[in-house]
Structures are given as structure tokens and as C-alpha cells.
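What follows is a set of notes on a single structure, which appears directly below.
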Amino acid sequence: MAEFEDKRICFISFISRDDKPLYIQSFDLDTKQGDTINANNFLKYNFLSHMALDIITSPASISIREQQQEADVRNGAVLLVVYDDVSVYGYESNTGLKIIIGFNNQTHLNQEESKMVTLRTLFLSVHKAYVKTICNPFLEIDSSGDIEGMLQNEVFDKSIKKIVNDWNDA
Amino acid sequence: MESPQINNTLFKLLIMEMIPTIIEVSRSHGLSTDQVNLKIELLGYKLGIKLNELLLFKLADQFSKNNEDLETVLDIMKFICKDFWKILFKKQISNLRTNHRGTFVLVDSNFKPIENFDVSRPDAPVMISHYLSYVNGVMKGTLKSFGINSVITNEINFPSVTFNIETDNNN
């Protein structure tokens with residue numbers, strides 16, 4: 001898994017079974033740069049997660065997935081697209097939830113330690129944060145079964161941020 | 001890893017307390033039997049959605065290990081009959097039938113939530129329908145979380161209960 005370890009996460013997005021975007025959070029936006037550049041980057045990440053979705057749903061992706069899954073059966077995550085220095089990986093749960101994570105290709109320090117964390121465990125911990133939020137009894141699912149509203153809260157933001165910081169700083 | 005389990009006795013006691021409370025409160029607001037059933041079903045529905053997300057997360061390893069996919073509605077129904085029912089009632093569904101056109105018939109020959117009922121009471125059928133609404137709701141929520149809309153009706157032949165599930169998806 002050497003190829004993942006020098007990459008920093010730049011965005012994480014969640015997409016529902018019926019291809020509705022549920023949530024997106026971006027990271028590593030440079031505070032020194034102006035707001036417009038940050039806004040543009042954020043927009044780019046939005047587009048990238050939609051591009052990734054096109055690839056997940058297209059029939060051509062089945063062969064891509066098969067190729068990559070043969071290489072590592074236990075690894076549920078697949079490389080979907082590389083665009084503009086961002087590599088986008090996707091993972092689909094049994095309920096049809098799609099988690100999409102974009103990495104940029106900047107190298108960062110302390111590569112030795114980060115070898116402990118594989119891409120698979122990263123996706124699992126992100127998925128776990130999602131399940132924890134869904135199962136929070138104090139958050140209401142609306143009667144149409146829509147869970148988008150449940151994810152827009154501070155606790156979920158923080159838990160995702162923590163996972164990403166742990167990864168990026170490892 | 002320990003398998004995910006609800007403490008069954010507590011779950012049963014919770015339902016036994018919860019449903020009469022809902023009925024009492026709703027009646028005092030002047031709701032009809034059908035409206036009460038809808039309320040109870042909605043509660044179960046929400047549980048179903050949450051429980052399914054959790055269960056599939058916990059069981060993800062098991063599915064990828066056996067190369068099992070939950071792709072067809074039949075696969076999903078089997079999952080409900082086996083894994084899901086076991087979590088809720090510590091047993092599997094007794095019988096599953098399908099016409100392969102989106103209709104499924106699940107038979108539980110000894111349905112746990114109503115096993116202690118006194119069926120000789122005149123209001124027994126109505127009471128049983130309240131309890132079944134909850135379980136119907138849980139199943140609807142589970143199916144919804146797989147992206148399937150469903151209509152569930154019951155036939156009661158004490159202590160056996162039949163769930164007729166009509167789904168909008170026929171593959």
C-alpha cells in the first residue's frame with residue numbers, strides 16, 4: 001500500500017444509494033490564499049466527487065473494480081479517477097452508501113509511522129463515524145427515510161475532521 | 001469479534017411497555033386504531049433504517065469473506081429472514097416463499113412478540129395488530145435502507161404469523 005502513504009486527504013464526501021449527495025467536507029485549504037481560491041477548490045472537490053460517482057455507476061466500472069479487487073480482495077476501496085493532481089478513491093457499502101475520498105499528491109513527512117494505517121482502515125473508520133451518527137437516538141430520521149439532514153451537525157463534522165487529521169499528520 | 005446482539009429480554013419488555021403507552025396516549029388525543037398503527041409503524045421504520053446500517057457495518061466482514069452480495073431482492077429477503085430476525089427475536093423465519101415477481105411471503109410459526117397473548121379476549125386481534133405494526137415498520141425501514149419500497153400485510157393464525165411483503169422491485 002506504499003502508494004497511499006504519502007498522500008494527504010483533501011476531501012471526503014458521502015453519496016446516498018439513490019445518488020444524492022449527502023455530505024462533503026474539504027481539508028487542507030490554504031488559509032493564506034484568498035477566499036475565491038478556496039471556494040474554487042471546494043467547487044473542484046464537489047465536481048470531482050460527482051465525476052467519481054459517474055464512474056461508480058457506469059457499467060465500465062465493473063471491470064475496473066474486478067481488476068483492482070483481484071489485486072487485493074480484502075480492500076473494498078477502488079481508485080476511480082486521477083484528475084488535476086487529486087486521486088479519488090471510492091468505497092460502496094452494502095446499503096449502497098458511497099464514500100468518496102480525494103487525496104492530493106503532496107508528499108508529507110514521517111512516512112514510517114503512517115505505514116500502520118492502510119486505506120481500508122481509513123474507509124472503515126469514516127464509515128464507522130457515519131454509522132455512529134445514523135444510530136444516534138437523538139437525531140430524527142424524517143418520515144421519507146431521508147438521512148441527509150442527520151449528517152449536517154457539528155459532532156459529525158468533528159469526527160470526520162479528526163480522522164483526516166490523524167491520517168494527514170501520521 | 002463478538003456478534004452484535006440486542007439484549008432480547010429487554011427488547012421484548014420495551015415493546016411490551018411502549019405499545020400500550022402509545023395506544024393510551026394516542027387514544028386520549030382521539031386517534032383511530034389505524035392512525036395509532038401508523039404511528040407505531042413509523043417508530044419501527046426508524047429503528048429499521050438505523051439497525052440495518054449498523055448491522056451491515058458489523059457484518060461487512062462476514063459478507064465479503066463468503067463472497068456474498070446483497071444484490072437481488074431475494075438475497076435481501078434471505079438476509080432479513082436469517083440475520084435480521086436472529087438479532088430481533090433470536091430465531092430465524094420459519095418459511096420464505098416468493099413468486100419471483102416482487103411478492104414475498106414470510107411465515108414465522110411462533111412469533112415471539114405475541115406468544116404470551118390471551119387470544120380468547122375479544123380485543124386480541126386489535127391488540128395483535130398494534131404489535132405487528134411495529135415489526136412491519138422495522139421491516140419496511142430495513143427494506144427502505146436497501147432502496148426498496150414495500151407494502152406489508154399480515155395474516156394471523158395464532159401463534160403463527162404470515163407477512164405478505166409486496167415490493168416495487170422485481171429483480
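How things are named: the first chain in the C-alpha cells is A, the next is B, and so on; residues count from 1 in each chain; ligands count from 1 in the order shown.
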List every residue of segment 45-101 of chain B that DSSP, applied to the backbone of this structure, assigns to strand (DSSP E), and report them as JSON, numbers by chain.
{"B": [95, 96, 97, 98]}
When you get a sec, could you note down which chain B residues fall within 12 Å of chain A, using only C-alpha atoms, as number ranges by chain?
B: 38-39, 41-72, 75-76, 79, 137, 140-149
Based on the selection just made, write N, CA and C atoms of those residues as a compact mmCIF listing (two decimals), in the first residue's frame.
# COMPACT_ATOMS: atom_id res chain seq x y z
N LEU B 38 -50.30 3.51 12.38
CA LEU B 38 -49.35 4.26 11.56
C LEU B 38 -48.24 4.85 12.42
N LYS B 39 -48.63 5.38 13.57
CA LYS B 39 -47.65 5.96 14.49
C LYS B 39 -46.64 4.91 14.93
N GLU B 41 -45.95 2.14 13.45
CA GLU B 41 -45.17 1.66 12.32
C GLU B 41 -44.02 2.61 12.02
N LEU B 42 -44.27 3.91 12.15
CA LEU B 42 -43.23 4.90 11.88
C LEU B 42 -42.06 4.74 12.86
N LEU B 43 -42.39 4.42 14.11
CA LEU B 43 -41.34 4.18 15.10
C LEU B 43 -40.45 3.02 14.69
N GLY B 44 -41.13 1.92 14.27
CA GLY B 44 -40.38 0.74 13.84
C GLY B 44 -39.56 1.02 12.60
N TYR B 45 -40.13 1.83 11.72
CA TYR B 45 -39.47 2.20 10.47
C TYR B 45 -38.13 2.86 10.73
N LYS B 46 -38.14 3.78 11.67
CA LYS B 46 -36.90 4.49 12.01
C LYS B 46 -35.88 3.54 12.61
N LEU B 47 -36.36 2.63 13.45
CA LEU B 47 -35.45 1.63 14.02
C LEU B 47 -34.84 0.78 12.91
N GLY B 48 -35.70 0.39 11.96
CA GLY B 48 -35.25 -0.49 10.88
C GLY B 48 -34.10 0.13 10.09
N ILE B 49 -34.25 1.41 9.74
CA ILE B 49 -33.21 2.09 8.97
C ILE B 49 -31.89 2.12 9.74
N LYS B 50 -31.97 2.50 11.01
CA LYS B 50 -30.75 2.61 11.81
C LYS B 50 -30.11 1.25 12.03
N LEU B 51 -30.96 0.28 12.41
CA LEU B 51 -30.44 -1.05 12.74
C LEU B 51 -29.75 -1.67 11.54
N ASN B 52 -30.33 -1.44 10.35
CA ASN B 52 -29.77 -2.04 9.16
C ASN B 52 -28.38 -1.49 8.85
N GLU B 53 -28.24 -0.16 8.99
CA GLU B 53 -26.93 0.44 8.75
C GLU B 53 -25.89 -0.16 9.69
N LEU B 54 -26.29 -0.29 10.94
CA LEU B 54 -25.37 -0.80 11.95
C LEU B 54 -25.02 -2.25 11.69
N LEU B 55 -26.05 -3.03 11.40
CA LEU B 55 -25.87 -4.46 11.22
C LEU B 55 -24.97 -4.76 10.03
N LEU B 56 -25.21 -4.05 8.92
CA LEU B 56 -24.42 -4.31 7.73
C LEU B 56 -22.97 -3.87 7.95
N PHE B 57 -22.80 -2.84 8.75
CA PHE B 57 -21.43 -2.42 9.04
C PHE B 57 -20.71 -3.49 9.85
N LYS B 58 -21.43 -4.03 10.84
CA LYS B 58 -20.82 -5.05 11.70
C LYS B 58 -20.59 -6.36 10.95
N LEU B 59 -21.50 -6.66 10.03
CA LEU B 59 -21.41 -7.95 9.34
C LEU B 59 -20.64 -7.85 8.02
N ALA B 60 -20.11 -6.66 7.72
CA ALA B 60 -19.47 -6.46 6.41
C ALA B 60 -18.38 -7.49 6.15
N ASP B 61 -17.62 -7.81 7.19
CA ASP B 61 -16.53 -8.78 7.04
C ASP B 61 -17.07 -10.13 6.63
N GLN B 62 -18.16 -10.52 7.30
CA GLN B 62 -18.75 -11.82 7.03
C GLN B 62 -19.20 -11.92 5.57
N PHE B 63 -19.79 -10.84 5.04
CA PHE B 63 -20.28 -10.90 3.67
C PHE B 63 -19.15 -10.94 2.67
N SER B 64 -18.10 -10.13 2.92
CA SER B 64 -17.02 -10.13 1.94
C SER B 64 -16.24 -11.44 2.01
N LYS B 65 -16.23 -12.06 3.19
CA LYS B 65 -15.49 -13.31 3.34
C LYS B 65 -16.15 -14.43 2.54
N ASN B 66 -17.48 -14.51 2.66
CA ASN B 66 -18.20 -15.58 1.96
C ASN B 66 -18.54 -15.19 0.53
N ASN B 67 -18.03 -14.03 0.12
CA ASN B 67 -18.32 -13.55 -1.22
C ASN B 67 -19.81 -13.39 -1.48
N GLU B 68 -20.54 -13.10 -0.42
CA GLU B 68 -21.98 -12.93 -0.56
C GLU B 68 -22.27 -11.50 -0.91
N ASP B 69 -23.16 -11.30 -1.85
CA ASP B 69 -23.56 -9.95 -2.17
C ASP B 69 -25.05 -9.83 -1.91
N LEU B 70 -25.45 -8.66 -1.49
CA LEU B 70 -26.87 -8.42 -1.27
C LEU B 70 -27.40 -7.67 -2.48
N GLU B 71 -27.40 -8.35 -3.62
CA GLU B 71 -27.74 -7.63 -4.85
C GLU B 71 -29.20 -7.75 -5.23
N THR B 72 -29.74 -8.95 -5.16
CA THR B 72 -31.14 -9.10 -5.57
C THR B 72 -32.05 -8.96 -4.35
N ASP B 75 -31.92 -12.01 -2.20
CA ASP B 75 -30.79 -12.03 -1.27
C ASP B 75 -31.11 -11.24 -0.01
N ILE B 76 -31.72 -10.06 -0.24
CA ILE B 76 -32.03 -9.18 0.88
C ILE B 76 -33.06 -9.82 1.79
N PHE B 79 -31.47 -12.33 3.87
CA PHE B 79 -30.74 -11.66 4.95
C PHE B 79 -31.70 -11.29 6.08
N GLY B 137 -43.12 -2.14 10.55
CA GLY B 137 -42.36 -0.91 10.37
C GLY B 137 -40.88 -1.17 10.32
N LYS B 140 -40.10 -2.59 6.97
CA LYS B 140 -40.18 -1.55 5.94
C LYS B 140 -38.95 -0.66 5.96
N GLY B 141 -38.52 -0.30 7.17
CA GLY B 141 -37.34 0.55 7.30
C GLY B 141 -36.11 -0.14 6.77
N THR B 142 -35.99 -1.43 7.08
CA THR B 142 -34.84 -2.18 6.60
C THR B 142 -34.82 -2.22 5.09
N LEU B 143 -35.98 -2.53 4.50
CA LEU B 143 -36.05 -2.60 3.04
C LEU B 143 -35.78 -1.23 2.43
N LYS B 144 -36.29 -0.18 3.07
CA LYS B 144 -36.08 1.17 2.57
C LYS B 144 -34.59 1.49 2.54
N SER B 145 -33.90 1.02 3.57
CA SER B 145 -32.48 1.31 3.64
C SER B 145 -31.70 0.55 2.56
N PHE B 146 -32.32 -0.49 1.99
CA PHE B 146 -31.76 -1.15 0.80
C PHE B 146 -32.30 -0.51 -0.49
N GLY B 147 -33.12 0.53 -0.36
CA GLY B 147 -33.67 1.20 -1.53
C GLY B 147 -34.93 0.56 -2.08
N ILE B 148 -35.62 -0.22 -1.26
CA ILE B 148 -36.83 -0.91 -1.74
C ILE B 148 -38.04 -0.37 -0.98
N ASN B 149 -39.05 0.05 -1.71
CA ASN B 149 -40.31 0.43 -1.07
C ASN B 149 -41.20 -0.79 -0.98
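Minimum atom-to-atom distances from A:Phe11, A:Asn104, A:Ala77, A:Asn165 to Leu119 of chain A were compared using only C-alpha atoms, and the lowest value belongs to A:Ala77.
Coordinates place atom CA of Thr162 of chain B at a distance of 6.8 Å from atom CA of Val105 of chain B.
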